[in-house]
Amino acid sequence: MKKEYRVKKNKEFQHAFQKGKSFANRQLVIYHVKKPDQTHYRVGLSVGKKIGNAVTRNRVKRYLRQAFQELDAYIAPDCDIIVIARQPVKDLEYEMIRKSLIHLLKKERLLNYK
């Protein structure tokens, strides 16, 4: 994922938490904030230490990044999306994480996909 497509600063995360809308399922929580002046969406990932060791956390982040890359053409371009992983996600394979992400993005109407 390109650098300009990532949310990295704490201030940007806090803005999404305070001003954005959220939706969750058992595996993931999504916060999103509309930014009309943006030409491409941005993604911030948060996988806490409760999920597991560094190998597990990095695997979850890698799966989430891959899912966003596959769905790139279908995601609304004018928003910042923050994804927080919950405990059950550590035991899931890529396809299940992808389905969970698609479910949440569709619920929030951020995805035009099938």
# chains A, B, ... in the order shown; residues from 1 in each chain; ligands from 1
call {"tool": "residues_around", "arguments": {"residues": "A:Val47", "least_positions_apart": "2", "cutoff": "12 Å", "atoms": "only C-alpha atoms", "output": "MDAnalysis selection string"}}
result
chainID A and resid 27:29 44:45 49:64 82:90
call {"tool": "closest_residue", "arguments": {"among": "A:Pro36, A:Lys19, A:Asp80, A:Tyr31", "to": "A:Tyr5", "atoms": "only C-alpha atoms"}}
result
A:Asp80
call {"tool": "residues_around", "arguments": {"residues": "A:Lys34", "least_positions_apart": "5", "cutoff": "8 Å", "atoms": "only C-alpha atoms", "output": "PyMOL selection string"}}
result
chain A and resi 20+78-80
call {"tool": "write_last_selection", "arguments": {"atoms": "C-alpha atoms", "output": "compact mmCIF listing (two decimals), in the first residue's frame"}}
result
# COMPACT_ATOMS: atom_id res chain seq x y z
CA GLY A 20 -16.27 9.29 12.43
CA ASP A 78 -13.40 10.14 -0.29
CA CYS A 79 -12.82 8.68 3.17
CA ASP A 80 -10.33 7.66 5.83
call {"tool": "residues_around", "arguments": {"residues": "A:Val43", "least_positions_apart": "5", "cutoff": "12 Å", "atoms": "only C-alpha atoms", "output": "number ranges by chain"}}
result
A: 1-9, 12-13, 16, 30-33, 61, 64-69, 72, 75-84
call {"tool": "write_last_selection", "arguments": {"atoms": "N, CA and C atoms", "output": "mmCIF file, in the first residue's frame"}}
result
data_model
loop_
_atom_site.group_PDB
_atom_site.id
_atom_site.type_symbol
_atom_site.label_atom_id
_atom_site.label_comp_id
_atom_site.auth_asym_id
_atom_site.auth_seq_id
_atom_site.Cartn_x
_atom_site.Cartn_y
_atom_site.Cartn_z
ATOM 1 N N MET A 1 0.845 -1.173 0.000
ATOM 2 C CA MET A 1 0.000 0.000 0.000
ATOM 3 C C MET A 1 0.895 1.241 0.000
ATOM 4 N N LYS A 2 0.597 2.173 -0.874
ATOM 5 C CA LYS A 2 1.417 3.370 -0.982
ATOM 6 C C LYS A 2 1.345 4.214 0.280
ATOM 7 N N LYS A 3 2.413 4.954 0.517
ATOM 8 C CA LYS A 3 2.527 5.757 1.732
ATOM 9 C C LYS A 3 1.409 6.798 1.847
ATOM 10 N N GLU A 4 1.052 7.412 0.742
ATOM 11 C CA GLU A 4 0.015 8.446 0.788
ATOM 12 C C GLU A 4 -1.387 7.874 1.010
ATOM 13 N N TYR A 5 -1.521 6.553 0.944
ATOM 14 C CA TYR A 5 -2.812 5.909 1.168
ATOM 15 C C TYR A 5 -2.946 5.352 2.583
ATOM 16 N N ARG A 6 -2.020 5.718 3.480
ATOM 17 C CA ARG A 6 -2.050 5.215 4.851
ATOM 18 C C ARG A 6 -2.349 6.334 5.835
ATOM 19 N N VAL A 7 -3.060 5.997 6.884
ATOM 20 C CA VAL A 7 -3.267 6.905 8.007
ATOM 21 C C VAL A 7 -2.246 6.490 9.056
ATOM 22 N N LYS A 8 -1.328 7.391 9.418
ATOM 23 C CA LYS A 8 -0.262 7.029 10.337
ATOM 24 C C LYS A 8 -0.241 7.869 11.608
ATOM 25 N N LYS A 9 -0.673 9.108 11.516
ATOM 26 C CA LYS A 9 -0.541 10.018 12.652
ATOM 27 C C LYS A 9 -1.634 9.792 13.683
ATOM 28 N N GLU A 12 -4.748 11.899 13.322
ATOM 29 C CA GLU A 12 -5.709 11.444 12.314
ATOM 30 C C GLU A 12 -6.552 10.281 12.834
ATOM 31 N N PHE A 13 -5.927 9.375 13.596
ATOM 32 C CA PHE A 13 -6.673 8.283 14.214
ATOM 33 C C PHE A 13 -7.703 8.844 15.194
ATOM 34 N N ALA A 16 -10.715 10.352 13.536
ATOM 35 C CA ALA A 16 -11.649 9.328 13.055
ATOM 36 C C ALA A 16 -12.463 8.744 14.207
ATOM 37 N N ILE A 30 -14.638 -0.983 12.352
ATOM 38 C CA ILE A 30 -14.264 0.015 11.342
ATOM 39 C C ILE A 30 -14.788 1.377 11.755
ATOM 40 N N TYR A 31 -13.913 2.370 11.706
ATOM 41 C CA TYR A 31 -14.290 3.775 11.839
ATOM 42 C C TYR A 31 -14.025 4.420 10.486
ATOM 43 N N HIS A 32 -14.914 5.310 10.075
ATOM 44 C CA HIS A 32 -14.648 6.017 8.815
ATOM 45 C C HIS A 32 -15.095 7.465 8.912
ATOM 46 N N VAL A 33 -14.337 8.319 8.247
ATOM 47 C CA VAL A 33 -14.611 9.748 8.202
ATOM 48 C C VAL A 33 -14.608 10.169 6.738
ATOM 49 N N LYS A 61 -2.194 -7.880 9.861
ATOM 50 C CA LYS A 61 -2.065 -6.628 9.100
ATOM 51 C C LYS A 61 -1.791 -6.899 7.623
ATOM 52 N N LEU A 64 -5.040 -7.900 5.989
ATOM 53 C CA LEU A 64 -5.929 -6.747 5.812
ATOM 54 C C LEU A 64 -5.464 -5.867 4.656
ATOM 55 N N ARG A 65 -4.150 -5.626 4.573
ATOM 56 C CA ARG A 65 -3.623 -4.816 3.462
ATOM 57 C C ARG A 65 -3.920 -5.480 2.126
ATOM 58 N N GLN A 66 -3.725 -6.798 2.052
ATOM 59 C CA GLN A 66 -3.989 -7.533 0.817
ATOM 60 C C GLN A 66 -5.469 -7.431 0.432
ATOM 61 N N ALA A 67 -6.351 -7.536 1.405
ATOM 62 C CA ALA A 67 -7.785 -7.429 1.122
ATOM 63 C C ALA A 67 -8.122 -6.044 0.581
ATOM 64 N N PHE A 68 -7.536 -5.004 1.166
ATOM 65 C CA PHE A 68 -7.777 -3.655 0.655
ATOM 66 C C PHE A 68 -7.237 -3.492 -0.760
ATOM 67 N N GLN A 69 -6.107 -4.093 -1.063
ATOM 68 C CA GLN A 69 -5.561 -4.001 -2.420
ATOM 69 C C GLN A 69 -6.485 -4.677 -3.429
ATOM 70 N N ASP A 72 -9.584 -2.467 -4.017
ATOM 71 C CA ASP A 72 -9.212 -1.076 -4.278
ATOM 72 C C ASP A 72 -10.183 -0.340 -5.204
ATOM 73 N N ILE A 75 -13.821 0.579 -3.453
ATOM 74 C CA ILE A 75 -13.966 1.338 -2.212
ATOM 75 C C ILE A 75 -14.147 2.822 -2.514
ATOM 76 N N ALA A 76 -15.042 3.464 -1.770
ATOM 77 C CA ALA A 76 -15.302 4.900 -1.941
ATOM 78 C C ALA A 76 -13.999 5.685 -1.733
ATOM 79 N N PRO A 77 -13.673 6.601 -2.642
ATOM 80 C CA PRO A 77 -12.374 7.283 -2.575
ATOM 81 C C PRO A 77 -12.292 8.434 -1.577
ATOM 82 N N ASP A 78 -13.405 8.903 -1.075
ATOM 83 C CA ASP A 78 -13.405 10.143 -0.291
ATOM 84 C C ASP A 78 -13.506 9.901 1.213
ATOM 85 N N CYS A 79 -12.721 8.949 1.742
ATOM 86 C CA CYS A 79 -12.824 8.678 3.174
ATOM 87 C C CYS A 79 -11.517 8.136 3.747
ATOM 88 N N ASP A 80 -11.387 8.307 5.058
ATOM 89 C CA ASP A 80 -10.330 7.660 5.827
ATOM 90 C C ASP A 80 -10.983 6.494 6.554
ATOM 91 N N ILE A 81 -10.363 5.329 6.495
ATOM 92 C CA ILE A 81 -10.914 4.131 7.115
ATOM 93 C C ILE A 81 -9.908 3.615 8.141
ATOM 94 N N ILE A 82 -10.363 3.428 9.372
ATOM 95 C CA ILE A 82 -9.532 2.860 10.423
ATOM 96 C C ILE A 82 -10.089 1.474 10.742
ATOM 97 N N VAL A 83 -9.227 0.471 10.718
ATOM 98 C CA VAL A 83 -9.637 -0.899 11.000
ATOM 99 C C VAL A 83 -8.949 -1.357 12.282
ATOM 100 N N ILE A 84 -9.736 -1.814 13.243
ATOM 101 C CA ILE A 84 -9.205 -2.338 14.497
ATOM 102 C C ILE A 84 -9.535 -3.821 14.560
#
call {"tool": "atom_distance", "arguments": {"atom1": "atom CA of A:Leu92", "atom2": "atom CA of A:Ala24"}}
result
16.4 Å
call {"tool": "select_by_dssp", "arguments": {"residues": "chain A", "states": "strand (DSSP E)", "output": "ChimeraX atom specification"}}
result
/A:21-24,28-34,42-46,79-85
call {"tool": "atom_distance", "arguments": {"atom1": "atom CA of A:His40", "atom2": "atom CA of A:Ala73"}}
result
10.0 Å
call {"tool": "closest_residue", "arguments": {"among": "A:Asp37, A:Met96, A:Gly48, A:Leu105", "to": "A:Leu71", "atoms": "only C-alpha atoms"}}
result
A:Leu105
call {"tool": "decode", "arguments": {"residues": "stretch 17-90 of chain A", "atoms": "C-alpha atoms", "output": "compact mmCIF listing (two decimals), in the first residue's frame"}}
result
# COMPACT_ATOMS: atom_id res chain seq x y z
CA PHE A 17 -12.53 7.97 16.51
CA GLN A 18 -14.17 11.22 17.63
CA LYS A 19 -15.85 12.47 14.45
CA GLY A 20 -16.27 9.29 12.43
CA LYS A 21 -18.92 6.61 12.31
CA SER A 22 -18.22 3.08 13.44
CA PHE A 23 -19.49 -0.37 12.76
CA ALA A 24 -18.29 -3.73 14.04
CA ASN A 25 -18.63 -7.47 13.80
CA ARG A 26 -16.91 -10.15 15.88
CA GLN A 27 -13.58 -9.88 14.08
CA LEU A 28 -13.15 -6.21 13.14
CA VAL A 29 -14.21 -2.67 14.04
CA ILE A 30 -14.26 0.01 11.34
CA TYR A 31 -14.29 3.78 11.84
CA HIS A 32 -14.65 6.02 8.82
CA VAL A 33 -14.61 9.75 8.20
CA LYS A 34 -15.69 11.41 4.97
CA LYS A 35 -13.06 13.65 3.37
CA PRO A 36 -14.55 15.18 0.21
CA ASP A 37 -11.26 16.70 -0.99
CA GLN A 38 -9.45 13.32 -1.18
CA THR A 39 -8.99 11.52 -4.49
CA HIS A 40 -8.16 8.13 -2.91
CA TYR A 41 -9.20 6.50 0.37
CA ARG A 42 -6.68 6.09 3.18
CA VAL A 43 -6.41 3.16 5.59
CA GLY A 44 -5.15 2.92 9.15
CA LEU A 45 -4.69 -0.47 10.80
CA SER A 46 -4.60 -1.17 14.51
CA VAL A 47 -3.76 -4.64 15.81
CA GLY A 48 -3.15 -4.62 19.55
CA LYS A 49 -0.87 -6.81 21.62
CA LYS A 50 -3.84 -8.76 22.95
CA ILE A 51 -4.15 -10.35 19.50
CA GLY A 52 -0.87 -12.23 19.87
CA ASN A 53 2.85 -11.98 19.34
CA ALA A 54 4.49 -9.87 16.63
CA VAL A 55 4.30 -12.64 14.03
CA THR A 56 0.54 -13.00 14.51
CA ARG A 57 -0.11 -9.25 14.50
CA ASN A 58 1.94 -8.73 11.34
CA ARG A 59 0.13 -11.60 9.60
CA VAL A 60 -3.25 -10.02 10.40
CA LYS A 61 -2.06 -6.63 9.10
CA ARG A 62 -0.67 -8.26 5.96
CA TYR A 63 -4.01 -9.99 5.31
CA LEU A 64 -5.93 -6.75 5.81
CA ARG A 65 -3.62 -4.82 3.46
CA GLN A 66 -3.99 -7.53 0.82
CA ALA A 67 -7.79 -7.43 1.12
CA PHE A 68 -7.78 -3.65 0.66
CA GLN A 69 -5.56 -4.00 -2.42
CA GLU A 70 -7.95 -6.52 -3.97
CA LEU A 71 -10.96 -4.30 -3.25
CA ASP A 72 -9.21 -1.08 -4.28
CA ALA A 73 -11.41 -0.29 -7.29
CA TYR A 74 -14.64 -0.76 -5.32
CA ILE A 75 -13.97 1.34 -2.21
CA ALA A 76 -15.30 4.90 -1.94
CA PRO A 77 -12.37 7.28 -2.57
CA ASP A 78 -13.40 10.14 -0.29
CA CYS A 79 -12.82 8.68 3.17
CA ASP A 80 -10.33 7.66 5.83
CA ILE A 81 -10.91 4.13 7.12
CA ILE A 82 -9.53 2.86 10.42
CA VAL A 83 -9.64 -0.90 11.00
CA ILE A 84 -9.21 -2.34 14.50
CA ALA A 85 -8.69 -6.08 14.84
CA ARG A 86 -10.46 -7.97 17.60
CA GLN A 87 -9.34 -11.14 19.37
CA PRO A 88 -11.04 -13.78 17.12
CA VAL A 89 -9.21 -12.51 14.02
CA LYS A 90 -5.96 -14.17 15.09
